[in-house]
file final-v3.txt (compact mmCIF, C-alpha atoms)
# COMPACT_ATOMS: atom_id res chain seq x y z
CA MET A 1 0.84 6.67 -19.54
CA PHE A 2 4.48 7.21 -18.74
CA THR A 3 5.16 10.81 -17.86
CA ALA A 4 7.76 13.03 -16.20
CA ILE A 5 6.32 15.26 -13.49
CA GLN A 6 8.20 18.42 -12.53
CA ALA A 7 7.56 20.90 -9.73
CA PRO A 8 5.00 23.15 -11.48
CA GLU A 9 2.85 20.07 -12.15
CA TYR A 10 3.05 18.47 -8.70
CA SER A 11 -0.38 19.79 -7.71
CA LYS A 12 -1.97 18.62 -10.94
CA TYR A 13 -0.65 15.08 -10.29
CA ASN A 14 -1.34 15.25 -6.57
CA THR A 15 -3.25 11.95 -6.47
CA VAL A 16 -0.56 9.76 -8.04
CA LEU A 17 2.26 11.51 -6.20
CA ASP A 18 0.45 10.90 -2.91
CA GLU A 19 0.17 7.25 -3.88
CA MET A 20 3.85 7.23 -4.83
CA PHE A 21 5.00 8.42 -1.40
CA ARG A 22 2.81 5.75 0.26
CA LEU A 23 4.18 3.10 -2.08
CA ARG A 24 7.72 4.19 -1.31
CA LYS A 25 7.08 3.74 2.42
CA LYS A 26 5.62 0.30 1.81
CA THR A 27 8.47 -0.73 -0.48
CA PHE A 28 11.58 0.76 1.06
CA TYR A 29 10.61 1.04 4.73
CA ALA A 30 8.27 -1.90 5.30
CA GLN A 31 9.50 -4.49 2.77
CA LEU A 32 13.15 -3.78 2.05
CA LYS A 33 13.73 -2.32 5.54
CA TRP A 34 15.99 0.41 4.25
CA ASN A 35 17.01 3.10 6.64
CA VAL A 36 14.81 5.79 5.05
CA SER A 37 13.02 8.77 6.55
CA VAL A 38 9.32 8.24 7.09
CA GLN A 39 6.75 11.01 7.56
CA GLY A 40 3.37 9.53 8.53
CA ASP A 41 2.22 7.33 5.65
CA TYR A 42 4.97 8.65 3.41
CA GLU A 43 8.57 7.84 2.72
CA ARG A 44 9.87 11.27 1.91
CA ASP A 45 13.36 12.72 2.30
CA ARG A 46 15.03 16.07 1.88
CA TYR A 47 15.68 15.46 -1.82
CA ASP A 48 11.92 15.44 -2.38
CA GLU A 49 12.01 19.09 -1.28
CA LEU A 50 14.43 19.97 -4.09
CA ASN A 51 11.96 19.79 -6.98
CA PRO A 52 13.04 16.43 -8.39
CA VAL A 53 11.56 14.93 -11.53
CA TYR A 54 9.22 12.01 -10.87
CA LEU A 55 8.95 9.55 -13.69
CA ILE A 56 5.58 7.89 -13.30
CA TRP A 57 3.59 5.14 -14.94
CA CYS A 58 -0.06 5.79 -14.17
CA ASN A 59 -3.48 5.42 -15.78
CA GLN A 60 -4.78 7.95 -18.29
CA ASP A 61 -6.62 10.04 -15.67
CA ALA A 62 -3.52 10.11 -13.48
CA THR A 63 -5.48 8.62 -10.59
CA VAL A 64 -3.90 5.15 -10.35
CA LEU A 65 -0.16 4.57 -9.97
CA TYR A 66 1.68 1.56 -11.42
CA ALA A 67 5.35 2.45 -11.01
CA SER A 68 7.57 5.41 -10.20
CA THR A 69 11.13 6.61 -9.84
CA ARG A 70 12.89 9.87 -8.96
CA LEU A 71 15.36 11.69 -11.17
CA MET A 72 17.82 14.44 -10.18
CA PRO A 73 20.84 16.09 -11.79
CA THR A 74 24.16 15.00 -10.23
CA THR A 75 25.53 18.55 -10.43
CA GLY A 76 23.09 19.45 -7.63
CA PRO A 77 22.61 17.79 -4.22
CA THR A 78 21.85 14.10 -4.66
CA LEU A 79 21.06 11.20 -2.38
CA LEU A 80 23.89 9.01 -3.61
CA TYR A 81 26.48 11.77 -3.28
CA ASP A 82 25.47 12.69 0.25
CA THR A 83 24.78 9.18 1.53
CA PHE A 84 27.41 7.09 -0.14
CA ARG A 85 30.33 9.38 -0.81
CA ASP A 86 32.31 7.84 2.06
CA THR A 87 31.30 4.27 1.24
CA PHE A 88 31.91 4.36 -2.47
CA PRO A 89 33.34 7.69 -3.54
CA ASP A 90 33.92 6.61 -7.13
CA ALA A 91 30.26 6.02 -7.75
CA ALA A 92 28.83 8.81 -5.64
CA ASN A 93 31.15 11.40 -7.08
CA LEU A 94 30.07 10.91 -10.67
CA SER A 95 28.84 14.44 -11.04
CA ALA A 96 28.59 16.28 -14.34
CA PRO A 97 26.08 17.72 -16.79
CA GLY A 98 24.32 14.86 -18.57
CA ILE A 99 24.83 12.46 -15.64
CA TRP A 100 21.65 12.10 -13.57
CA GLU A 101 20.67 10.09 -10.53
CA GLY A 102 17.70 7.72 -10.54
CA THR A 103 16.48 6.49 -7.14
CA ARG A 104 13.44 5.00 -5.37
CA LEU A 105 12.26 2.88 -8.26
CA CYS A 106 9.20 0.92 -7.17
CA VAL A 107 6.15 -0.88 -8.55
CA HIS A 108 2.60 -0.91 -7.23
CA ASN A 109 1.90 -4.66 -7.45
CA GLU A 110 -1.81 -4.53 -6.54
CA ASN A 111 -2.76 -1.79 -8.99
CA LEU A 112 -0.70 -3.50 -11.66
CA ALA A 113 -2.31 -6.92 -11.11
CA ARG A 114 -5.78 -5.37 -11.21
CA ASP A 115 -5.42 -3.15 -14.29
CA HIS A 116 -2.61 -4.88 -16.20
CA PRO A 117 -2.80 -8.58 -15.36
CA ASP A 118 -0.62 -9.31 -18.41
CA VAL A 119 2.29 -7.22 -17.04
CA SER A 120 4.40 -8.83 -14.33
CA PRO A 121 6.12 -6.65 -11.70
CA LEU A 122 9.45 -7.52 -13.31
CA ARG A 123 8.20 -6.40 -16.70
CA ALA A 124 6.89 -3.21 -15.06
CA ILE A 125 10.42 -2.45 -13.83
CA GLY A 126 11.67 -3.04 -17.37
CA LEU A 127 9.02 -0.76 -18.86
CA LEU A 128 9.75 2.00 -16.38
CA SER A 129 13.46 1.64 -17.16
CA VAL A 130 12.82 2.05 -20.89
CA ALA A 131 10.70 5.12 -20.16
CA LEU A 132 13.49 6.45 -17.96
CA ALA A 133 16.08 5.91 -20.70
CA GLU A 134 13.81 7.49 -23.34
CA CYS A 135 13.05 10.50 -21.15
CA ALA A 136 16.74 10.93 -20.31
CA TYR A 137 17.84 10.64 -23.93
CA ALA A 138 15.26 13.21 -25.05
CA HIS A 139 16.80 15.67 -22.59
CA GLY A 140 20.47 15.25 -23.47
CA ILE A 141 21.25 12.92 -20.55
CA ASP A 142 23.81 10.19 -21.38
CA THR A 143 24.37 8.46 -18.04
CA ILE A 144 22.24 7.38 -15.07
CA VAL A 145 23.65 6.55 -11.65
CA THR A 146 21.35 4.49 -9.46
CA ASN A 147 21.14 2.44 -6.27
CA TYR A 148 19.49 -0.96 -6.08
CA GLU A 149 19.52 -4.30 -4.31
CA PRO A 150 21.73 -6.96 -5.91
CA TYR A 151 18.89 -9.05 -7.43
CA LEU A 152 17.67 -6.04 -9.45
CA LYS A 153 20.74 -6.21 -11.66
CA ARG A 154 19.37 -9.40 -13.23
CA ILE A 155 16.03 -7.72 -13.79
CA TYR A 156 17.73 -4.80 -15.48
CA ALA A 157 19.76 -7.22 -17.59
CA SER A 158 16.59 -9.03 -18.66
CA ALA A 159 15.28 -5.64 -19.78
CA GLY A 160 18.40 -5.14 -21.93
CA LEU A 161 20.03 -2.73 -19.52
CA ALA A 162 23.69 -3.30 -18.62
CA VAL A 163 24.13 -1.74 -15.20
CA GLU A 164 27.75 -1.63 -14.08
CA GLU A 165 28.12 -1.96 -10.33
CA ILE A 166 30.73 0.47 -9.03
CA GLY A 167 30.12 0.18 -5.33
CA ARG A 168 28.24 -1.79 -2.70
CA ALA A 169 27.41 -1.01 0.92
CA ASP A 170 26.06 -3.03 3.82
CA GLY A 171 24.00 -1.75 6.67
CA TYR A 172 21.31 0.18 4.79
CA GLY A 173 18.81 -2.66 4.62
CA ARG A 174 18.55 -6.42 4.79
CA TYR A 175 20.64 -6.83 1.65
CA PRO A 176 23.60 -4.79 0.50
CA VAL A 177 22.75 -1.72 -1.53
CA CYS A 178 24.60 -1.44 -4.82
CA CYS A 179 25.48 1.69 -6.67
CA GLY A 180 25.55 1.29 -10.43
CA VAL A 181 25.83 3.26 -13.59
CA PHE A 182 24.33 2.74 -17.03
CA GLU A 183 24.59 4.36 -20.39
CA VAL A 184 21.69 6.07 -22.12
CA SER A 185 21.92 6.08 -25.90
CA GLU A 186 19.93 5.18 -28.98
CA THR A 187 21.67 1.78 -28.99
CA VAL A 188 20.76 1.06 -25.37
CA ILE A 189 17.14 2.10 -25.91
CA ALA A 190 16.90 -0.12 -29.01
CA GLN A 191 18.34 -3.06 -27.02
CA MET A 192 15.85 -2.55 -24.24
CA ARG A 193 12.89 -2.32 -26.61
CA ALA A 194 14.02 -5.48 -28.36
CA LYS A 195 14.34 -7.40 -25.09
CA LEU A 196 10.90 -6.28 -23.97
CA GLY A 197 9.32 -6.82 -27.38
CA LEU A 198 8.32 -3.18 -27.78
CA THR A 199 7.94 -1.67 -31.22
CA GLY A 200 8.06 1.99 -30.22
CA PRO A 201 8.59 4.40 -27.36
CA VAL A 202 6.70 4.09 -24.08
CA PHE A 203 7.59 7.49 -22.64
CA GLY A 204 5.12 10.24 -23.47
CA ARG A 205 2.78 7.77 -25.16
CA HIS A 206 -0.53 6.30 -24.14
CA ASP A 207 -0.32 2.76 -22.89
CA GLN A 208 2.01 0.58 -24.87
CA THR A 209 2.97 -2.09 -22.42
CA SER A 210 2.38 -5.43 -24.04
CA ASP A 211 4.92 -7.59 -25.81
CA GLN A 212 4.22 -6.96 -29.48
CA ARG A 213 5.91 -10.25 -30.40
CA ALA A 214 3.12 -12.12 -28.67
CA ALA A 215 0.41 -10.46 -30.75
CA MET B 216 28.37 9.26 -25.74
CA LYS B 217 29.84 10.99 -28.77
CA ASP B 218 33.19 12.63 -28.75
CA THR B 219 33.20 16.33 -28.29
CA SER B 220 32.51 18.10 -31.57
CA ASP B 221 34.68 20.95 -32.85
CA ARG B 222 31.81 23.37 -32.52
CA HIS B 223 31.33 22.33 -28.93
CA ARG B 224 35.01 22.75 -28.09
CA GLN B 225 35.06 26.13 -29.78
CA ALA B 226 31.97 27.29 -27.88
CA PHE B 227 33.15 25.84 -24.57
CA ASP B 228 36.59 27.46 -24.88
CA ALA B 229 35.02 30.76 -25.89
CA VAL B 230 32.81 30.69 -22.80
CA VAL B 231 35.64 29.76 -20.43
CA GLN B 232 38.11 32.23 -21.92
CA ALA B 233 35.73 35.15 -22.49
CA PRO B 234 36.57 38.12 -20.26
CA SER B 235 33.03 38.20 -18.87
CA VAL B 236 29.69 36.41 -18.93
CA GLU B 237 28.43 39.23 -21.10
CA ALA B 238 31.10 38.47 -23.72
CA ALA B 239 30.45 34.74 -23.32
CA VAL B 240 26.75 34.95 -24.22
CA ALA B 241 27.66 36.83 -27.41
CA HIS B 242 30.27 34.19 -28.36
CA LEU B 243 27.79 31.44 -27.74
CA ARG B 244 25.19 33.10 -29.95
CA ASP B 245 27.73 33.34 -32.78
CA VAL B 246 29.16 29.83 -32.52
CA TYR B 247 25.75 28.13 -32.42
CA ALA B 248 24.22 30.61 -34.88
CA VAL B 249 21.13 31.29 -32.79
CA ASP B 250 19.36 34.65 -32.54
CA HIS B 251 19.91 35.36 -28.87
CA VAL B 252 21.44 33.92 -25.73
CA THR B 253 20.43 34.87 -22.19
CA PHE B 254 21.91 33.75 -18.91
CA HIS B 255 20.19 34.18 -15.53
CA LEU B 256 21.88 33.39 -12.22
CA ALA B 257 19.58 33.06 -9.21
CA ASN B 258 20.90 32.64 -5.72
CA THR B 259 17.82 31.03 -4.31
CA ILE B 260 16.39 27.72 -5.29
CA ILE B 261 12.73 28.66 -5.58
CA GLY B 262 10.93 31.55 -7.17
CA LEU B 263 12.44 34.79 -6.11
CA ILE B 264 15.23 36.48 -7.94
CA ASP B 265 16.56 38.86 -5.30
CA SER B 266 19.29 40.67 -7.14
CA PRO B 267 19.19 39.25 -10.62
CA PHE B 268 22.39 38.51 -12.47
CA VAL B 269 21.28 38.53 -16.09
CA ARG B 270 23.40 38.78 -19.23
CA SER B 271 21.79 38.73 -22.63
CA THR B 272 22.35 39.49 -26.29
CA TYR B 273 18.82 40.91 -26.56
CA PRO B 274 18.69 44.44 -28.02
CA PRO B 275 19.03 47.03 -25.23
CA GLU B 276 15.65 48.57 -26.15
CA TRP B 277 13.92 45.27 -25.59
CA TRP B 278 15.81 44.64 -22.39
CA ALA B 279 14.91 48.09 -21.01
CA ARG B 280 11.27 47.45 -21.86
CA TYR B 281 11.41 43.99 -20.27
CA LEU B 282 12.65 45.47 -17.00
CA LEU B 283 10.36 48.51 -17.10
CA LYS B 284 7.25 46.41 -17.68
CA GLY B 285 8.22 44.00 -14.91
CA TYR B 286 8.11 41.16 -17.41
CA VAL B 287 10.46 39.07 -15.30
CA GLU B 288 7.50 38.53 -12.95
CA VAL B 289 5.36 36.98 -15.67
CA ASP B 290 8.01 35.44 -17.93
CA PRO B 291 6.99 31.76 -18.27
CA VAL B 292 10.56 30.82 -19.23
CA VAL B 293 11.99 32.26 -16.03
CA ALA B 294 9.19 30.70 -13.95
CA ALA B 295 9.75 27.28 -15.51
CA GLY B 296 13.52 27.68 -15.42
CA LEU B 297 13.59 28.12 -11.67
CA THR B 298 11.37 25.14 -10.90
CA HIS B 299 12.15 22.63 -13.67
CA GLN B 300 15.16 20.34 -13.54
CA LEU B 301 15.03 19.09 -17.12
CA PRO B 302 15.83 21.37 -20.05
CA PHE B 303 12.76 22.50 -21.98
CA PHE B 304 11.53 23.97 -25.24
CA TRP B 305 9.59 27.20 -24.89
CA SER B 306 6.97 25.80 -27.25
CA ASP B 307 6.17 23.10 -24.68
CA LEU B 308 5.32 25.58 -21.90
CA ASP B 309 1.77 26.45 -20.94
CA VAL B 310 1.47 30.14 -21.64
CA ALA B 311 -1.51 32.09 -20.34
CA GLY B 312 -2.60 35.48 -19.05
CA ASN B 313 0.06 38.16 -18.78
CA ALA B 314 2.65 35.84 -20.24
CA LEU B 315 0.79 35.98 -23.56
CA VAL B 316 1.17 39.76 -23.54
CA LEU B 317 4.89 39.36 -22.93
CA MET B 318 5.30 36.81 -25.73
CA ALA B 319 3.40 38.98 -28.23
CA ASP B 320 5.45 42.01 -27.23
CA ALA B 321 8.69 40.04 -27.59
CA GLU B 322 7.75 38.99 -31.11
CA ALA B 323 6.80 42.56 -31.98
CA HIS B 324 10.35 43.51 -30.96
CA GLY B 325 11.82 41.03 -33.38
CA LEU B 326 12.59 38.17 -31.02
CA GLY B 327 12.22 34.63 -32.29
CA ARG B 328 9.27 32.64 -31.04
CA ASN B 329 11.26 29.51 -30.32
CA GLY B 330 13.61 28.89 -27.49
CA TYR B 331 15.35 26.25 -25.42
CA SER B 332 16.35 26.69 -21.79
CA ILE B 333 18.69 24.66 -19.63
CA PRO B 334 18.29 24.85 -15.84
CA VAL B 335 21.50 24.44 -13.82
CA VAL B 336 21.79 23.56 -10.16
CA ASP B 337 25.01 23.09 -8.19
CA LYS B 338 25.82 21.31 -4.91
CA ASP B 339 25.12 24.53 -2.98
CA MET B 340 21.68 24.70 -4.62
CA ARG B 341 22.49 27.84 -6.55
CA ARG B 342 20.49 27.85 -9.74
CA SER B 343 20.87 29.41 -13.11
CA LEU B 344 19.26 29.24 -16.51
CA LEU B 345 20.80 29.40 -19.96
CA SER B 346 18.32 30.23 -22.73
CA LEU B 347 18.74 30.20 -26.49
CA ASN B 348 16.31 32.01 -28.71
CA SER B 349 15.60 31.48 -32.40
CA CYS B 350 13.19 32.47 -35.14
CA TRP B 351 13.41 29.01 -36.74
CA SER B 352 10.33 26.86 -37.06
CA THR B 353 9.56 24.64 -34.08
CA SER B 354 10.44 21.43 -35.91
CA GLU B 355 13.77 22.75 -37.26
CA TRP B 356 14.62 24.13 -33.84
CA LYS B 357 13.85 20.87 -32.03
CA ARG B 358 15.94 18.92 -34.51
CA TYR B 359 18.89 21.32 -34.15
CA ILE B 360 18.76 21.32 -30.35
CA GLY B 361 18.34 17.53 -30.33
CA ILE B 362 21.79 17.23 -31.92
CA HIS B 363 23.46 19.62 -29.48
CA ALA B 364 21.53 19.10 -26.22
CA GLY B 365 24.37 17.28 -24.42
CA GLU B 366 26.98 19.89 -25.39
CA LEU B 367 24.72 22.77 -24.47
CA ALA B 368 24.18 21.30 -21.01
CA GLU B 369 27.97 21.34 -20.48
CA ILE B 370 28.18 24.91 -21.72
CA ALA B 371 25.33 25.99 -19.41
CA HIS B 372 27.29 24.62 -16.45
CA ALA B 373 30.51 26.32 -17.56
CA MET B 374 28.55 29.56 -17.80
CA HIS B 375 27.18 28.99 -14.29
CA LYS B 376 30.70 28.63 -12.87
CA LYS B 377 31.84 31.71 -14.78
CA ALA B 378 28.97 33.78 -13.39
CA LEU B 379 29.73 32.58 -9.86
CA ARG B 380 33.37 33.60 -10.23
CA GLU B 381 32.27 36.94 -11.61
CA SER B 382 30.05 37.34 -8.53
CA GLY B 383 32.99 36.59 -6.25
CA TYR B 384 32.40 32.92 -5.41
CA GLU B 385 35.32 30.53 -5.66
CA SER B 386 34.69 26.82 -5.71
CA LYS B 387 37.14 24.18 -4.57
CA VAL B 388 37.63 20.97 -6.45
CA HIS B 389 38.34 17.59 -4.94
CA PHE B 390 39.24 14.42 -6.82
CA THR B 391 38.63 10.81 -5.87
CA PRO B 392 41.39 8.20 -6.22
CA ARG B 393 39.61 6.71 -9.24
CA GLU B 394 39.48 10.08 -10.95
CA ILE B 395 43.19 10.59 -10.31
CA GLU B 396 43.80 7.13 -11.82
CA CYS B 397 41.82 8.06 -14.94
CA LEU B 398 43.72 11.34 -15.22
CA HIS B 399 47.02 9.52 -14.80
CA TRP B 400 46.28 7.10 -17.64
CA ALA B 401 44.84 9.84 -19.83
CA ALA B 402 48.11 11.73 -19.32
CA GLN B 403 49.94 8.63 -20.62
CA GLY B 404 47.96 9.00 -23.82
CA LYS B 405 45.41 6.27 -23.13
CA ASP B 406 41.90 6.78 -24.47
CA ALA B 407 38.69 5.77 -22.65
CA GLY B 408 38.77 2.27 -24.13
CA ALA B 409 42.35 1.63 -23.03
CA ILE B 410 41.72 3.05 -19.56
CA ALA B 411 38.66 0.80 -19.24
CA MET B 412 40.83 -2.26 -19.98
CA ILE B 413 43.45 -1.22 -17.44
CA LEU B 414 40.94 -0.46 -14.68
CA MET B 415 38.67 -3.36 -15.67
CA ILE B 416 35.52 -1.28 -15.82
CA SER B 417 33.33 -0.41 -18.78
CA GLU B 418 34.34 2.23 -21.29
CA HIS B 419 31.11 4.10 -20.64
CA THR B 420 31.88 4.36 -16.93
CA VAL B 421 35.38 5.63 -17.73
CA ARG B 422 33.75 8.26 -19.93
CA GLY B 423 31.57 9.19 -16.95
CA TYR B 424 34.67 9.73 -14.81
CA LEU B 425 36.41 11.69 -17.56
CA LYS B 426 33.34 13.88 -17.96
CA THR B 427 33.23 14.48 -14.19
CA ILE B 428 36.91 15.46 -14.32
CA ARG B 429 36.31 17.81 -17.26
CA TYR B 430 33.38 19.35 -15.40
CA LYS B 431 35.42 19.90 -12.24
CA LEU B 432 38.32 21.39 -14.18
CA ASP B 433 36.09 23.41 -16.50
CA CYS B 434 37.53 21.88 -19.67
CA ALA B 435 35.95 20.97 -23.02
CA THR B 436 38.35 18.10 -23.73
CA VAL B 437 40.26 15.46 -21.79
CA THR B 438 43.53 16.79 -23.24
CA GLN B 439 42.84 20.22 -21.78
CA ALA B 440 41.88 18.63 -18.46
CA VAL B 441 45.16 16.67 -18.36
CA ALA B 442 47.18 19.83 -19.03
CA LYS B 443 45.31 21.68 -16.31
CA ALA B 444 45.68 18.79 -13.84
CA ILE B 445 49.43 18.75 -14.46
CA SER B 446 49.69 22.51 -13.98
CA MET B 447 47.69 22.17 -10.73
CA ARG B 448 50.04 19.31 -9.70
CA LEU B 449 47.12 16.90 -9.32
CA ILE B 450 49.17 14.44 -11.35
CA THR B 451 52.74 14.34 -12.50
CA PRO B 452 53.45 13.62 -16.16
call {"tool": "encode", "arguments": {"input": "final-v3.txt", "output": "structure tokens"}}
result
Amino acid sequence: MFTAIQAPEYSKYNTVLDEMFRLRKKTFYAQLKWNVSVQGDYERDRYDELNPVYLIWCNQDATVLYASTRLMPTTGPTLLYDTFRDTFPDAANLSAPGIWEGTRLCVHNENLARDHPDVSPLRAIGLLSVALAECAYAHGIDTIVTNYEPYLKRIYASAGLAVEEIGRADGYGRYPVCCGVFEVSETVIAQMRAKLGLTGPVFGRHDQTSDQRAA
Amino acid sequence: MKDTSDRHRQAFDAVVQAPSVEAAVAHLRDVYAVDHVTFHLANTIIGLIDSPFVRSTYPPEWWARYLLKGYVEVDPVVAAGLTHQLPFFWSDLDVAGNALVLMADAEAHGLGRNGYSIPVVDKDMRRSLLSLNSCWSTSEWKRYIGIHAGELAEIAHAMHKKALRESGYESKVHFTPREIECLHWAAQGKDAGAIAMILMISEHTVRGYLKTIRYKLDCATVTQAVAKAISMRLITP
């Protein structure tokens, strides 16, 4: 299921959130070598203390994690604003109601391969992006600002998502880190579903991950 | 991103121009034709409301009872509002224990059973909560809010700034070069599409900048923001 976890539910989803923080360390610290703060087995920063929304793809019992990302309103403190405002002020300063920040998007390759052998990691990123757009749209959000490594832009594009790069910085990891912005609307969601061969929403539903065109 | 509707502009202007937050909640109730509007400002990010700043259109009898019974301690809307980031429908909250008593009592006092609340957080981590209350059916209510969710989020933030000013906080605004550029072209009469062509970025991103500018200047429309920017000498016409 794709679900949005907010502070009052953190304890209920303890198992997958624990797995998420471990996955973030593995992805951003160990693999991408980003300059992120590590606490034991976790990658966890001060924004995780501010009750962010975690958008999660996990199994029905919420015991196995497949993919996750973190969502915060840009009117409040955000990672991109604090970290990148000197490097790319135009991007970091996008701050208004309805504009939210999505960061730390990652996929648990092993769990995915075991439980969803038909879903590639790239498709998982696409599915999580659709869920993100659907969740955002349902809550009156029209714009997402996000950071990513350059190659991800192609993956987003293959999922029907046009991310506009509005800044790029070196020195955070092995590759430059881009800051981009994308629109959330009915049109965008329809485009994404079409590209991924989905016939309906993924967010808030039980598993609907396969390409319906193949069936 | 749709253009600002007339209703939205009317509500936004009413909130910004109202003499007080108390007057603003009443205007908002009238413009959006809901039963009640309540605004809470909390200074802390989690849990405790030390000295609550609350303005509401609820009948005074109900409000007195709410305070007397200590309902704020058990109110599931307040609890959720201070810990959630996303806006929420009251019908989607888990209600149990003392909260059930509160909800039943509220209905007995003529309050609608449906509501929608928008949490607000600013860069200094001050939080507030704007809540709308209605006696409509859940499905009608969700449909109505679905149409206006984006506008209501802007209004909630305008209300937040108004309450902060009323509490004696003044916030400074700072503009990036790109925002000044957008303002400059908007002042020349260019719309988002034309500005996008000039700056060679997408129209949606331009709209994001224009929205940020409107938010910083507390304006419902770009035209108002341009006028304000000129009067503040941020740009010259």
call {"tool": "closest_atom_pairs", "arguments": {"input": "final-v3.txt", "of": "chain A", "to": "chain B", "cutoff": "6 Å", "atoms": "all atoms listed in the file", "output": "Markdown table"}}
result
| residue | atom | partner | partner_atom | distance |
| --- | --- | --- | --- | --- |
| A:Gln6 | CA | B:His299 | CA | 5.9 |
| A:Ala7 | CA | B:Thr298 | CA | 5.8 |
| A:Thr75 | CA | B:Asp337 | CA | 5.1 |
| A:Gly76 | CA | B:Asp337 | CA | 4.2 |
| A:Pro77 | CA | B:Lys338 | CA | 4.8 |
| A:Leu94 | CA | B:Thr427 | CA | 5.9 |
| A:Ser95 | CA | B:Thr427 | CA | 5.4 |
| A:Ala96 | CA | B:Thr427 | CA | 5.0 |
| A:Pro97 | CA | B:Glu369 | CA | 5.5 |
| A:Gly140 | CA | B:Gly365 | CA | 4.5 |
call {"tool": "residues_around", "arguments": {"input": "final-v3.txt", "residues": "range 148-165 of chain A", "least_positions_apart": "2", "cutoff": "10 Å", "atoms": "only C-alpha atoms", "output": "PyMOL selection string"}}
result
(chain A and resi 32+91+102-105+122-127+129-130+133+144-146+167-168+173-184+188-197) or (chain B and resi 416-417+419-420)
call {"tool": "closest_residue", "arguments": {"input": "final-v3.txt", "among": "A:Phe203, A:Phe2, A:Phe28, A:Trp100", "to": "Leu65 in chain A", "atoms": "only C-alpha atoms"}}
result
A:Phe2
call {"tool": "atom_distance", "arguments": {"input": "final-v3.txt", "atom1": "CA of Ser332 in chain B", "atom2": "CA of Leu345 in chain B"}}
result
5.5 Å
call {"tool": "residues_around", "arguments": {"input": "final-v3.txt", "residues": "range 23-26 of chain A", "least_positions_apart": "6", "cutoff": "12 Å", "atoms": "all atoms listed in the file", "output": "ChimeraX atom specification"}}
result
/A:16-17,32-45,64-70,103-111
call {"tool": "write_last_selection", "arguments": {"input": "final-v3.txt", "atoms": "C-alpha atoms", "output": "short mmCIF file (atom, residue, chain, number, x, y, z; two decimals), in the frame of the given file"}}
result
data_model
loop_
_atom_site.label_atom_id
_atom_site.label_comp_id
_atom_site.auth_asym_id
_atom_site.auth_seq_id
_atom_site.Cartn_x
_atom_site.Cartn_y
_atom_site.Cartn_z
CA VAL A 16 -0.56 9.76 -8.04
CA LEU A 17 2.26 11.51 -6.20
CA LEU A 32 13.15 -3.78 2.05
CA LYS A 33 13.73 -2.32 5.54
CA TRP A 34 15.99 0.41 4.25
CA ASN A 35 17.01 3.10 6.64
CA VAL A 36 14.81 5.79 5.05
CA SER A 37 13.02 8.77 6.55
CA VAL A 38 9.32 8.24 7.09
CA GLN A 39 6.75 11.01 7.56
CA GLY A 40 3.37 9.53 8.53
CA ASP A 41 2.22 7.33 5.65
CA TYR A 42 4.97 8.65 3.41
CA GLU A 43 8.57 7.84 2.72
CA ARG A 44 9.87 11.27 1.91
CA ASP A 45 13.36 12.72 2.30
CA VAL A 64 -3.90 5.15 -10.35
CA LEU A 65 -0.16 4.57 -9.97
CA TYR A 66 1.68 1.56 -11.42
CA ALA A 67 5.35 2.45 -11.01
CA SER A 68 7.57 5.41 -10.20
CA THR A 69 11.13 6.61 -9.84
CA ARG A 70 12.89 9.87 -8.96
CA THR A 103 16.48 6.49 -7.14
CA ARG A 104 13.44 5.00 -5.37
CA LEU A 105 12.26 2.88 -8.26
CA CYS A 106 9.20 0.92 -7.17
CA VAL A 107 6.15 -0.88 -8.55
CA HIS A 108 2.60 -0.91 -7.23
CA ASN A 109 1.90 -4.66 -7.45
CA GLU A 110 -1.81 -4.53 -6.54
CA ASN A 111 -2.76 -1.79 -8.99
#
call {"tool": "residues_around", "arguments": {"input": "final-v3.txt", "residues": "Ser306 in chain B", "least_positions_apart": "2", "cutoff": "7 Å", "atoms": "only C-alpha atoms", "output": "list in words"}}
result
Phe304, Leu308 and Asn329 of chain B
call {"tool": "residues_around", "arguments": {"input": "final-v3.txt", "residues": "Glu381 in chain B", "least_positions_apart": "2", "cutoff": "12 Å", "atoms": "all atoms listed in the file", "output": "ChimeraX atom specification"}}
result
/B:231,233-237,256,268-270,374-379,383-386
